[in-house]
file upload_5.tsv (TSV, C-alpha atoms)
chain	number	residue	atom	x	y	z
S	22	MET	CA	-19.85	-6.52	10.15
S	23	SER	CA	-18.22	-8.78	7.62
S	24	GLU	CA	-15.15	-10.90	8.19
S	25	LYS	CA	-13.64	-9.18	5.18
S	26	LEU	CA	-14.02	-5.75	6.79
S	27	ALA	CA	-12.31	-7.04	9.96
S	28	GLU	CA	-9.37	-8.17	7.82
S	29	ARG	CA	-9.27	-4.78	6.08
S	30	LEU	CA	-9.20	-2.96	9.42
S	31	GLN	CA	-6.43	-5.24	10.67
S	32	ALA	CA	-4.45	-4.43	7.51
S	33	ALA	CA	-5.09	-0.73	8.14
S	34	LEU	CA	-3.77	-1.08	11.68
S	35	ASN	CA	-0.61	-2.78	10.38
S	36	ALA	CA	-0.16	0.09	7.91
S	37	GLU	CA	-0.57	2.66	10.71
S	38	HIS	CA	1.99	0.80	12.87
S	39	SER	CA	4.55	0.85	10.06
S	40	ALA	CA	3.81	4.53	9.28
S	41	ILE	CA	4.47	5.50	12.91
S	42	PHE	CA	7.79	3.62	12.74
S	43	ALA	CA	8.76	5.29	9.46
S	44	TYR	CA	7.87	8.81	10.62
S	45	ALA	CA	10.20	8.45	13.58
S	46	ARG	CA	13.01	7.42	11.22
S	47	PHE	CA	12.65	9.99	8.44
S	48	GLY	CA	11.33	12.86	10.56
S	49	VAL	CA	14.71	13.62	12.09
S	50	LEU	CA	16.34	13.84	8.64
S	51	LEU	CA	13.98	16.52	7.36
S	52	ALA	CA	14.78	20.21	7.27
S	53	LYS	CA	13.76	21.99	10.47
S	54	ALA	CA	10.86	23.75	8.74
S	55	MET	CA	9.34	20.42	7.75
S	56	GLN	CA	9.72	18.66	11.08
S	57	LYS	CA	6.56	20.29	12.42
S	58	GLU	CA	4.69	18.78	9.48
S	59	ALA	CA	6.24	15.39	10.25
S	60	ARG	CA	5.18	15.60	13.90
S	61	ALA	CA	1.62	16.43	12.84
S	62	GLY	CA	1.64	13.47	10.44
S	63	GLU	CA	2.97	11.08	13.05
S	64	GLU	CA	0.34	12.30	15.51
S	65	MET	CA	-2.40	11.64	12.95
S	66	HIS	CA	-1.22	8.05	12.51
S	67	ARG	CA	-1.10	7.53	16.28
S	68	THR	CA	-4.65	8.83	16.62
S	69	ARG	CA	-5.78	6.54	13.80
S	70	ARG	CA	-4.00	3.58	15.39
S	71	ASP	CA	-5.64	4.20	18.78
S	72	ALA	CA	-9.08	4.49	17.17
S	73	LEU	CA	-8.51	1.20	15.33
S	74	LEU	CA	-7.44	-0.54	18.56
S	75	VAL	CA	-10.70	0.54	20.19
S	76	GLN	CA	-12.75	-0.41	17.14
S	77	LEU	CA	-11.20	-3.88	16.80
S	78	ALA	CA	-11.63	-4.51	20.56
S	79	GLU	CA	-15.31	-3.59	20.29
S	80	LEU	CA	-15.65	-5.98	17.38
S	81	LYS	CA	-13.83	-8.68	19.39
S	82	VAL	CA	-11.31	-9.03	16.59
S	83	ALA	CA	-7.59	-9.57	17.22
S	84	ALA	CA	-5.51	-6.42	16.82
S	85	PRO	CA	-2.08	-6.95	15.20
S	86	VAL	CA	0.73	-5.62	17.36
S	87	ALA	CA	3.49	-3.34	16.12
S	88	GLN	CA	6.74	-4.98	15.04
S	89	ALA	CA	10.03	-3.91	16.62
S	90	GLY	CA	11.16	-2.70	13.20
S	91	TYR	CA	10.05	-2.48	9.59
S	92	ALA	CA	12.19	-2.84	6.48
S	93	LEU	CA	12.45	0.47	4.62
S	94	PRO	CA	12.05	0.33	0.82
S	95	PHE	CA	15.28	2.28	0.24
S	96	PRO	CA	18.10	3.67	2.39
S	97	LEU	CA	17.46	6.90	4.29
S	98	THR	CA	20.44	9.15	3.82
S	99	ASP	CA	19.36	12.79	3.54
S	100	PRO	CA	16.38	15.19	3.49
S	101	ALA	CA	15.57	14.20	-0.11
S	102	THR	CA	15.25	10.48	0.66
S	103	ALA	CA	13.35	11.38	3.83
S	104	LEU	CA	10.76	13.30	1.79
S	105	LYS	CA	10.56	10.46	-0.71
S	106	LEU	CA	9.89	7.98	2.09
S	107	ALA	CA	7.26	10.29	3.61
S	108	ALA	CA	5.24	10.24	0.38
S	109	TYR	CA	5.83	6.49	-0.04
S	110	VAL	CA	4.52	5.77	3.45
S	111	GLU	CA	1.37	7.87	2.99
S	112	ASP	CA	0.68	6.26	-0.38
S	113	GLY	CA	0.89	2.85	1.30
S	114	VAL	CA	-1.48	3.88	4.10
S	115	ALA	CA	-3.88	5.38	1.54
S	116	ALA	CA	-3.84	2.14	-0.48
S	117	THR	CA	-4.70	0.09	2.60
S	118	TRP	CA	-7.67	2.27	3.57
S	119	ARG	CA	-8.83	2.48	-0.05
S	120	ALA	CA	-9.02	-1.33	-0.11
S	121	ALA	CA	-11.47	-1.24	2.82
S	122	LEU	CA	-14.00	1.05	1.10
S	123	ALA	CA	-15.99	-1.66	-0.66
S	124	ASP	CA	-16.24	-3.82	2.48
S	125	ALA	CA	-17.58	-1.00	4.64
S	126	GLU	CA	-21.03	0.56	4.50
S	127	GLY	CA	-22.71	3.70	5.78
S	128	GLU	CA	-20.91	5.51	8.58
S	129	VAL	CA	-18.09	2.95	8.72
S	130	ARG	CA	-17.45	3.62	5.04
S	131	ARG	CA	-17.38	7.34	5.79
S	132	GLN	CA	-14.78	6.77	8.51
S	133	VAL	CA	-12.68	4.63	6.13
S	134	LEU	CA	-12.96	7.34	3.48
S	135	VAL	CA	-11.79	10.03	5.91
S	136	ALA	CA	-8.70	7.97	6.84
S	137	TYR	CA	-7.99	7.22	3.16
S	138	THR	CA	-8.37	10.88	2.21
S	139	ASP	CA	-6.14	12.10	5.07
S	140	ALA	CA	-3.32	9.83	3.89
S	141	ALA	CA	-3.84	10.83	0.24
S	142	VAL	CA	-3.72	14.54	1.14
S	143	ARG	CA	-0.62	14.11	3.30
S	144	GLY	CA	1.13	12.14	0.57
S	145	THR	CA	0.34	14.97	-1.83
S	146	ARG	CA	1.70	17.51	0.67
S	147	TRP	CA	4.99	15.62	0.97
S	148	ARG	CA	5.33	15.49	-2.82
S	149	ARG	CA	4.60	19.22	-3.01
S	150	LEU	CA	7.21	19.92	-0.34
S	151	GLY	CA	9.63	17.68	-2.27
S	152	ALA	CA	8.87	19.67	-5.45
S	153	VAL	CA	7.52	16.57	-7.20
S	154	SER	CA	5.27	17.65	-10.07
S	155	PRO	CA	2.49	16.87	-10.43
S	156	ALA	CA	2.04	16.14	-6.74
S	157	THR	CA	-1.42	14.65	-7.35
S	158	VAL	CA	-2.56	11.45	-9.06
S	159	PRO	CA	-5.98	10.75	-10.60
S	160	TYR	CA	-6.66	7.80	-8.29
S	161	PRO	CA	-4.88	8.11	-4.92
S	162	GLY	CA	-3.65	4.80	-3.50
S	163	ARG	CA	-4.32	2.83	-6.68
S	164	LYS	CA	-1.27	0.70	-7.49
S	165	THR	CA	-1.18	1.18	-11.24
S	166	GLN	CA	-2.28	4.35	-12.97
J	22	MET	CA	-28.91	17.84	-7.62
J	23	THR	CA	-32.36	19.25	-6.85
J	24	ALA	CA	-33.45	18.83	-10.46
J	25	THR	CA	-32.24	15.22	-10.48
J	26	ALA	CA	-34.10	14.48	-7.25
J	27	ALA	CA	-37.26	16.03	-8.66
J	28	VAL	CA	-37.04	13.88	-11.80
J	29	ALA	CA	-36.47	10.76	-9.71
J	30	ALA	CA	-39.46	11.59	-7.49
J	31	THR	CA	-41.71	12.10	-10.49
J	32	THR	CA	-40.61	8.84	-12.04
J	33	LEU	CA	-41.24	6.92	-8.81
J	34	THR	CA	-44.71	8.38	-8.40
J	35	GLY	CA	-45.57	7.36	-11.94
J	36	CYS	CA	-44.33	3.83	-11.35
J	37	ASP	CA	-47.61	2.25	-10.25
J	38	LEU	CA	-48.04	-1.53	-10.25
J	39	LEU	CA	-51.59	-1.22	-11.60
J	40	ASP	CA	-50.62	1.17	-14.30
J	41	PRO	CA	-47.23	0.19	-15.66
J	42	THR	CA	-45.83	2.69	-18.07
J	43	PRO	CA	-43.35	0.66	-20.09
J	44	ASP	CA	-42.56	3.58	-22.31
J	45	ALA	CA	-41.49	5.86	-19.47
J	46	PRO	CA	-37.74	6.52	-19.53
J	47	PRO	CA	-35.77	4.81	-16.76
J	48	PRO	CA	-34.85	7.02	-13.80
J	49	PRO	CA	-31.48	8.71	-14.08
J	50	ASP	CA	-28.51	6.98	-12.50
J	51	ALA	CA	-27.92	7.82	-8.82
J	52	LEU	CA	-24.47	9.17	-9.72
J	53	MET	CA	-25.89	11.70	-12.20
J	54	GLY	CA	-25.38	14.55	-9.74
J	55	LEU	CA	-21.75	13.54	-9.14
J	56	LEU	CA	-21.12	13.35	-12.87
J	57	ALA	CA	-22.70	16.78	-13.41
J	58	GLY	CA	-20.48	18.17	-10.64
J	59	THR	CA	-17.44	16.63	-12.33
J	60	HIS	CA	-18.27	18.28	-15.65
J	61	ALA	CA	-18.81	21.57	-13.82
J	62	LEU	CA	-15.29	21.29	-12.35
J	63	VAL	CA	-13.82	20.73	-15.81
J	64	ALA	CA	-15.63	23.86	-17.01
J	65	THR	CA	-14.35	25.83	-14.02
J	66	TYR	CA	-10.77	24.78	-14.80
J	67	ASP	CA	-11.30	25.65	-18.49
J	68	ALA	CA	-12.31	29.16	-17.44
J	69	ALA	CA	-9.38	29.51	-15.02
J	70	LEU	CA	-6.88	28.31	-17.62
J	71	ALA	CA	-8.27	30.79	-20.12
J	72	ALA	CA	-7.94	33.59	-17.57
J	73	ASP	CA	-4.31	33.10	-16.52
J	74	ALA	CA	-1.73	31.36	-18.72
J	75	SER	CA	0.78	31.27	-15.85
J	76	LEU	CA	-1.39	28.61	-14.18
J	77	THR	CA	-1.14	26.12	-17.07
J	78	ALA	CA	1.44	23.79	-15.49
J	79	LEU	CA	-0.40	23.69	-12.18
J	80	LEU	CA	-3.98	23.36	-13.41
J	81	THR	CA	-3.68	21.13	-16.49
J	82	PRO	CA	-3.12	17.84	-14.60
J	83	LEU	CA	-5.96	18.69	-12.20
J	84	ARG	CA	-8.39	19.34	-15.06
J	85	GLU	CA	-7.22	16.12	-16.72
J	86	THR	CA	-8.00	14.19	-13.52
J	87	HIS	CA	-11.57	15.51	-13.52
J	88	ARG	CA	-11.91	14.51	-17.19
J	89	VAL	CA	-10.67	11.01	-16.38
J	90	HIS	CA	-13.17	10.81	-13.50
J	91	ALA	CA	-16.03	11.94	-15.76
J	92	ALA	CA	-15.17	9.23	-18.30
J	93	ALA	CA	-14.93	6.58	-15.56
J	94	LEU	CA	-18.32	7.56	-14.12
J	95	ASP	CA	-19.88	7.72	-17.57
J	96	ALA	CA	-18.70	4.16	-18.25
J	97	ILE	CA	-20.47	2.61	-15.25
J	98	MET	CA	-23.73	4.56	-15.32
J	99	SER	CA	-27.08	3.10	-16.26
J	100	PRO	CA	-28.71	4.45	-18.29
J	101	ARG	CA	-25.67	5.99	-19.93
J	102	PRO	CA	-26.06	9.77	-19.78
J	103	SER	CA	-26.70	11.46	-23.07
J	104	PRO	CA	-23.59	13.24	-24.35
J	105	SER	CA	-25.62	16.43	-24.76
J	106	ALA	CA	-26.66	16.44	-21.10
J	107	PHE	CA	-23.59	18.39	-20.05
J	108	SER	CA	-23.02	20.63	-23.05
J	109	ALA	CA	-24.74	23.41	-21.12
J	110	PRO	CA	-23.07	26.80	-20.98
J	111	SER	CA	-19.68	26.61	-19.35
J	112	ALA	CA	-18.83	28.09	-15.98
J	113	ALA	CA	-18.89	31.83	-15.46
J	114	PRO	CA	-15.73	33.52	-16.67
J	115	VAL	CA	-13.01	33.63	-14.06
J	116	THR	CA	-11.61	37.00	-13.22
J	117	GLY	CA	-9.09	38.38	-10.80
J	118	ASP	CA	-5.46	37.77	-10.04
J	119	ARG	CA	-3.75	34.43	-9.52
J	120	LYS	CA	-4.53	34.42	-5.82
J	121	THR	CA	-8.24	35.03	-6.38
J	122	ILE	CA	-8.44	32.35	-9.08
J	123	LEU	CA	-6.74	29.76	-6.85
J	124	LYS	CA	-9.03	30.64	-3.98
J	125	SER	CA	-12.14	30.13	-6.09
J	126	LEU	CA	-10.79	26.80	-7.36
J	127	ARG	CA	-10.10	25.66	-3.79
J	128	THR	CA	-13.67	26.55	-2.83
J	129	ALA	CA	-15.00	24.59	-5.82
J	130	GLU	CA	-12.85	21.55	-4.99
J	131	VAL	CA	-13.82	21.55	-1.29
J	132	SER	CA	-17.49	21.66	-2.17
J	133	ALA	CA	-17.05	19.00	-4.89
J	134	ALA	CA	-15.14	16.76	-2.47
J	135	LYS	CA	-18.04	16.98	0.00
J	136	GLN	CA	-20.46	16.01	-2.76
J	137	ALA	CA	-18.28	12.98	-3.60
J	138	VAL	CA	-18.04	11.93	0.07
J	139	GLU	CA	-21.83	11.84	0.38
J	140	ALA	CA	-22.09	9.99	-2.94
J	141	CYS	CA	-19.51	7.43	-1.72
J	142	VAL	CA	-21.37	6.79	1.55
J	143	ALA	CA	-24.67	6.35	-0.31
J	144	THR	CA	-23.52	4.30	-3.28
J	145	THR	CA	-23.38	0.54	-3.86
J	146	VAL	CA	-20.52	-1.75	-2.85
J	147	ALA	CA	-19.46	-2.10	-6.48
J	148	ARG	CA	-19.11	1.67	-6.91
J	149	ALA	CA	-17.70	2.60	-3.50
J	150	VAL	CA	-14.03	2.48	-4.51
J	151	LEU	CA	-14.32	4.63	-7.63
J	152	VAL	CA	-16.48	7.25	-5.92
J	153	GLY	CA	-14.19	7.21	-2.87
J	154	GLU	CA	-11.17	7.70	-5.12
J	155	ILE	CA	-12.87	10.70	-6.69
J	156	ALA	CA	-13.56	12.19	-3.24
J	157	ALA	CA	-9.94	11.67	-2.14
J	158	ALA	CA	-8.53	13.06	-5.39
J	159	ARG	CA	-10.57	16.25	-5.03
J	160	ALA	CA	-9.25	16.71	-1.48
J	161	THR	CA	-5.67	16.35	-2.74
J	162	HIS	CA	-6.31	19.09	-5.31
J	163	VAL	CA	-7.02	21.57	-2.51
J	164	GLU	CA	-3.53	20.79	-1.20
J	165	VAL	CA	-1.76	21.94	-4.38
J	166	LEU	CA	-3.93	24.95	-5.27
J	167	VAL	CA	-1.59	27.34	-3.49

call {"tool": "encode", "arguments": {"input": "upload_5.tsv", "output": "structure tokens"}}
result
Amino acid sequence: MSEKLAERLQAALNAEHSAIFAYARFGVLLAKAMQKEARAGEEMHRTRRDALLVQLAELKVAAPVAQAGYALPFPLTDPATALKLAAYVEDGVAATWRAALADAEGEVRRQVLVAYTDAAVRGTRWRRLGAVSPATVPYPGRKTQ
Amino acid sequence: MTATAAVAATTLTGCDLLDPTPDAPPPPDALMGLLAGTHALVATYDAALAADASLTALLTPLRETHRVHAAALDAIMSPRPSPSAFSAPSAAPVTGDRKTILKSLRTAEVSAAKQAVEACVATTVARAVLVGEIAAARATHVEVLV
């Protein structure tokens, strides 16, 4: 287990912490029909966070703790900005997991890929629900494309 | 995939230290199967687009993504695949209504995503990100094929 992978997993945990915070903020602004989707998304990030806490403890690596608050990239005012933030958050989580791919091997890489793919799919779903077209990108989580 | 494996096995058997065969072609790149699957997806989308013009806006960016992936894979492979390797007959014609077409595309993407996941787990460190991106992108396609 490389030091680099430990750093990548710590970064992933930070991303999951901030996603959980963001979901709680934007979830309540969404239309009723979409709140179920937001709860499922938040639950996924909590599950991922808990798994990372266990994994980092097993590796005897420090686990970053959640901050009391995270700065949002733009003001949350209505369902439209809530949907925009939802996609933004998932893209950020996807980018963090994507960055861990090359430092992981075998089954750990598979686990990283599953987390990366989950975030990419959820980001796509939020764009679809927000009627953003196209909702997909050629390289999910890549900063410039 | 099976054909590629068979070729690789044959090449390995023939690679004997006491009997080097310098003229033997190098074994195909390990990502050959993934590249073939990518070209097959492009052909499947070609057939779907030909079958239902109302799907143009939805399917065109997805087909373009598979084309971009094919070019990216092609660029890192060694030996470079011959351009004629994938000019085989295109996918079977797509028939049925919009719902049927979308369902068959979802099935193709799910299966192609699984292929890319296995390729990502098995590939080298240098290739892990690109192959992982391809796996994730295919999964996102399933999300919009509704």

call {"tool": "residues_around", "arguments": {"input": "upload_5.tsv", "residues": "Val153 (chain S)", "least_positions_apart": "2", "cutoff": "12 Å", "atoms": "all atoms listed in the file", "output": "MDAnalysis selection string"}}
result
(chainID S and resid 101 104:105 108 144:151 155:158) or (chainID J and resid 79 165)

call {"tool": "atom_distance", "arguments": {"input": "upload_5.tsv", "atom1": "CA of Ala137 (chain J)", "atom2": "CA of Ala59 (chain S)"}}
result
28.3 Å

call {"tool": "atom_distance", "arguments": {"input": "upload_5.tsv", "atom1": "CA of Gln31 (chain S)", "atom2": "CA of Phe95 (chain S)"}}
result
25.2 Å

call {"tool": "closest_atom_pairs", "arguments": {"input": "upload_5.tsv", "of": "chain S", "to": "chain J", "cutoff": "6 Å", "atoms": "all atoms listed in the file", "output": "Markdown table"}}
result
| residue | atom | partner | partner_atom | distance |
| --- | --- | --- | --- | --- |
| S:Leu122 | CA | J:Val150 | CA | 5.8 |
| S:Ala123 | CA | J:Val146 | CA | 5.0 |
| S:Gly127 | CA | J:Val142 | CA | 5.4 |
| S:Arg131 | CA | J:Val142 | CA | 5.8 |
| S:Thr138 | CA | J:Ala157 | CA | 4.7 |
| S:Val142 | CA | J:Thr161 | CA | 4.7 |
| S:Pro159 | CA | J:Thr86 | CA | 4.9 |
| S:Tyr160 | CA | J:Glu154 | CA | 5.5 |

call {"tool": "axis_aligned_box", "arguments": {"input": "upload_5.tsv", "around": "region 24-35 of chain S", "padding_each_side": "3 Å", "output": "JSON"}}
result
{"center_x": -7.9, "center_y": -5.8, "center_z": 8.4, "size_x": 20.5, "size_y": 16.2, "size_z": 12.5}

call {"tool": "residues_around", "arguments": {"input": "upload_5.tsv", "residues": "Val110 (chain S)", "least_positions_apart": "2", "cutoff": "9 Å", "atoms": "all atoms listed in the file", "output": "number ranges by chain"}}
result
S: 36, 39-40, 43-44, 105-108, 112-115, 140, 144

call {"tool": "atom_distance", "arguments": {"input": "upload_5.tsv", "atom1": "CA of Arg143 (chain S)", "atom2": "CA of Arg29 (chain S)"}}
result
21.0 Å

call {"tool": "closest_residue", "arguments": {"input": "upload_5.tsv", "among": "J:Ala64, J:Pro48, J:Leu166, J:Ala57", "to": "Leu126 (chain J)", "atoms": "only C-alpha atoms"}}
result
J:Leu166
